[in-house]
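Asks: Got a structure for you, target07.cif, holding mmCIF, C-alpha atoms.
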```cif
data_input
#
loop_
_atom_site.label_atom_id
_atom_site.label_comp_id
_atom_site.auth_asym_id
_atom_site.auth_seq_id
_atom_site.Cartn_x
_atom_site.Cartn_y
_atom_site.Cartn_z
CA MET A 38 0.00 0.00 0.00
CA LYS A 39 1.31 3.41 -0.91
CA CYS A 40 -0.15 6.77 0.02
CA HIS A 41 0.62 9.56 -2.42
CA GLU A 42 1.92 12.70 -0.77
CA ASP A 43 1.34 14.92 -3.78
CA GLY A 44 -1.91 16.29 -2.34
CA THR A 45 -4.23 14.24 -4.56
CA GLY A 46 -5.52 12.13 -1.64
CA SER A 47 -5.12 8.85 -3.50
CA VAL A 48 -3.98 5.42 -2.33
CA THR A 49 -2.41 2.70 -4.47
CA PHE A 50 -2.64 -0.91 -3.31
CA THR A 51 -2.15 -4.35 -4.79
CA TYR A 52 -4.87 -6.97 -4.99
CA LYS A 53 -5.29 -10.39 -6.50
CA PRO A 54 -8.45 -10.93 -8.58
CA SER A 55 -10.19 -14.25 -7.96
CA GLY A 56 -9.22 -16.90 -10.48
CA GLU A 57 -5.96 -15.16 -11.43
CA ARG A 58 -2.40 -15.79 -10.30
CA ARG A 59 -0.86 -12.35 -10.58
CA TYR A 60 -1.38 -9.29 -8.45
CA ARG A 61 -2.65 -6.01 -9.85
CA LYS A 62 -2.39 -2.42 -8.68
CA MET A 63 -5.36 -0.14 -8.10
CA THR A 64 -5.37 3.55 -7.27
CA VAL A 65 -8.43 4.99 -5.50
CA THR A 66 -9.21 8.05 -3.44
CA ALA A 67 -8.48 7.93 0.30
CA GLU A 68 -12.20 7.97 1.12
CA GLU A 69 -12.87 5.02 -1.21
CA PHE A 70 -9.94 3.08 0.29
CA ILE A 71 -11.21 3.62 3.83
CA ARG A 72 -14.73 2.58 2.77
CA ARG A 73 -13.43 -0.64 1.19
CA PHE A 74 -11.17 -1.38 4.16
CA LEU A 75 -13.93 -0.91 6.74
CA GLN A 76 -16.14 -3.44 4.93
CA HIS A 77 -13.79 -6.12 6.32
CA VAL A 78 -13.97 -4.93 9.95
CA LEU A 79 -16.51 -6.73 12.12
CA PRO A 80 -18.57 -4.77 14.65
CA THR A 81 -17.67 -5.05 18.33
CA GLY A 82 -18.76 -8.35 19.84
CA PHE A 83 -18.90 -10.24 16.54
CA GLN A 84 -16.58 -13.13 15.70
CA LYS A 85 -15.79 -14.43 12.25
CA VAL A 86 -16.91 -18.07 12.11
CA ARG A 87 -17.28 -18.69 8.39
CA HIS A 88 -14.39 -21.13 8.11
CA PHE A 89 -15.07 -23.13 11.28
CA GLY A 90 -17.54 -25.80 12.32
CA PHE A 91 -20.42 -26.79 10.10
CA MET A 92 -19.77 -23.94 7.65
CA HIS A 93 -16.32 -25.28 6.72
CA LYS A 94 -16.17 -26.49 3.12
CA ARG A 95 -14.98 -29.98 4.15
CA SER A 96 -17.48 -30.37 6.97
CA LYS A 97 -19.30 -33.70 7.12
CA PHE A 98 -22.28 -32.09 8.86
CA ARG A 99 -25.55 -32.87 7.10
CA ARG A 100 -27.94 -29.99 6.51
CA ASP A 101 -31.05 -31.98 7.47
CA TRP A 102 -29.43 -32.92 10.79
CA LEU A 103 -28.70 -29.24 11.45
CA LEU A 104 -32.32 -28.33 10.70
CA MET A 105 -33.49 -30.96 13.17
CA LEU A 106 -31.12 -29.66 15.87
CA VAL A 107 -32.29 -26.08 15.35
CA THR A 108 -35.88 -27.26 15.52
CA VAL A 109 -35.34 -29.14 18.78
CA THR A 110 -33.33 -26.31 20.32
CA LEU A 111 -35.88 -23.62 19.46
CA ASN A 112 -38.88 -25.84 20.36
CA MET A 113 -40.27 -25.53 16.86
CA VAL A 114 -42.58 -28.18 15.48
CA TYR A 115 -42.64 -29.54 11.96
CA VAL A 116 -46.14 -29.75 10.54
CA LEU A 117 -46.74 -32.23 7.78
CA ILE A 118 -49.70 -31.32 5.62
CA VAL A 119 -51.29 -34.21 3.83
CA ALA A 120 -53.06 -33.04 0.71
CA PRO A 121 -55.69 -35.07 -1.08
CA PRO A 122 -54.48 -36.77 -4.23
CA VAL A 123 -54.63 -34.66 -7.34
CA THR A 124 -57.57 -35.62 -9.49
CA ARG A 125 -57.18 -35.32 -13.20
CA VAL A 126 -59.82 -33.45 -15.08
CA LYS A 127 -61.17 -35.48 -17.96
CA ARG A 128 -61.10 -33.47 -21.14
CA VAL A 129 -64.13 -34.11 -23.27
CA ALA A 130 -63.94 -33.69 -27.04
CA LYS A 131 -66.85 -31.70 -28.46
CA CYS A 132 -68.42 -31.71 -31.89
CA SER A 133 -67.61 -28.54 -33.81
CA ALA A 134 -71.05 -28.52 -35.46
CA CYS A 135 -73.49 -29.18 -32.62
CA GLY A 136 -71.29 -28.90 -29.50
CA GLY A 137 -72.20 -32.39 -28.33
CA GLU A 138 -69.82 -34.76 -26.59
CA LEU A 139 -67.80 -37.04 -28.86
CA VAL A 140 -67.51 -40.61 -27.64
CA CYS A 141 -64.73 -42.92 -28.82
CA LEU A 142 -66.24 -46.26 -29.73
CA GLY A 143 -62.91 -47.81 -30.67
CA TYR A 144 -60.09 -47.49 -33.12
CA GLU A 145 -58.70 -49.44 -35.99
CA PRO A 146 -54.95 -49.62 -36.40
CA LEU A 147 -53.55 -48.06 -39.51
CA GLY A 148 -52.94 -50.79 -42.03
CA ALA A 149 -53.33 -51.58 -45.69
CA SER A 150 -57.07 -52.14 -45.35
CA SER A 151 -57.83 -48.72 -43.87
CA LEU A 152 -55.75 -46.69 -46.31
CA PRO A 153 -57.36 -45.56 -49.54
CA ALA A 154 -55.99 -47.23 -52.62
CA PRO A 155 -53.30 -45.20 -54.34
CA ASP A 156 -54.41 -43.42 -57.48
CA SER A 157 -52.82 -45.30 -60.38
CA SER A 158 -53.68 -42.77 -63.04
#
```
Using the file provided, produce a representation of the structure as structure tokens.
Replies:
Amino acid sequence: MKCHEDGTGSVTFTYKPSGERRYRKMTVTAEEFIRRFLQHVLPTGFQKVRHFGFMHKRSKFRRDWLLMLVTVTLNMVYVLIVAPPVTRVKRVAKCSACGGELVCLGYEPLGASSLPAPDSS
């Protein structure tokens, strides 16, 4: 980190972008540098715990087990709601002329007998 004493109120520092190997330099105003720096300071009474315990990236702690522990600790109760089975609505085909219901009496597989004879002319 280097503070410029030329009266411009700028600070030059090096940083390493994520996913890159080399460091880069950035020059910002003193106010911007202080703002960025203070984003990394925790308030009084707080402790950084991101890399410890169940939040560690190699933790073997299962999320569902944690939810159960939180539930038991806070005296919360899981409520299982059983919904009735979904009923399918039967779609009825209607006649385009009269609007009456069309009923399928059966079907005949497509074969040589149901196809019209090719026109040999």
Asks: By how many Å are CA of Asn112 (chain A) and CA of Gly90 (chain A) apart?
Replies: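 Between CA of Asn112 (chain A) and CA of Gly90 (chain A) the gap works out to 22.8 Å.
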Asks: What does the distance between CA of Phe70 (chain A) and CA of Gly56 (chain A) come to in Å, to one decimal place?
Replies: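 According to the coordinates, CA of Phe70 (chain A) and CA of Gly56 (chain A) are separated by 22.7 Å.
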Asks: Quick check, in Å to one decimal: how far apart do CA of Val65 (chain A) and CA of Thr51 (chain A) lie?
Replies: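 Calculated distance between CA of Val65 (chain A) and CA of Thr51 (chain A) is 11.3 Å.
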Asks: Looking at only C-alpha atoms, which of A:Phe50, A:Tyr144, A:Lys94, A:Leu75 is the one that sits closest to Met63 (chain A)?
Replies: A:Phe50
Asks: My list of candidates is A:Glu145, A:Val48, A:Leu106, A:Pro122. Which is closest to Phe74 (chain A) when distances are computed with all atoms listed in the file?
Replies: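 Using all atoms listed in the file, the shortest distance to Phe74 (chain A) belongs to A:Val48.
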Asks: Pick out the residues sitting within 8 Å of Leu139 (chain A), and hand them over as a PyMOL selection string; count all atoms listed in the file, and ignore anything fewer than 4 positions along from it in its own chain.
Replies: chain A and resi 129-132
Asks: Would you translate the PyMOL selection byres ((chain A and resi 52) around 12) into the concrete set of residues it matches in this file, as a PyMOL selection string?
Replies: chain A and resi 38+49-51+53-55+57-64
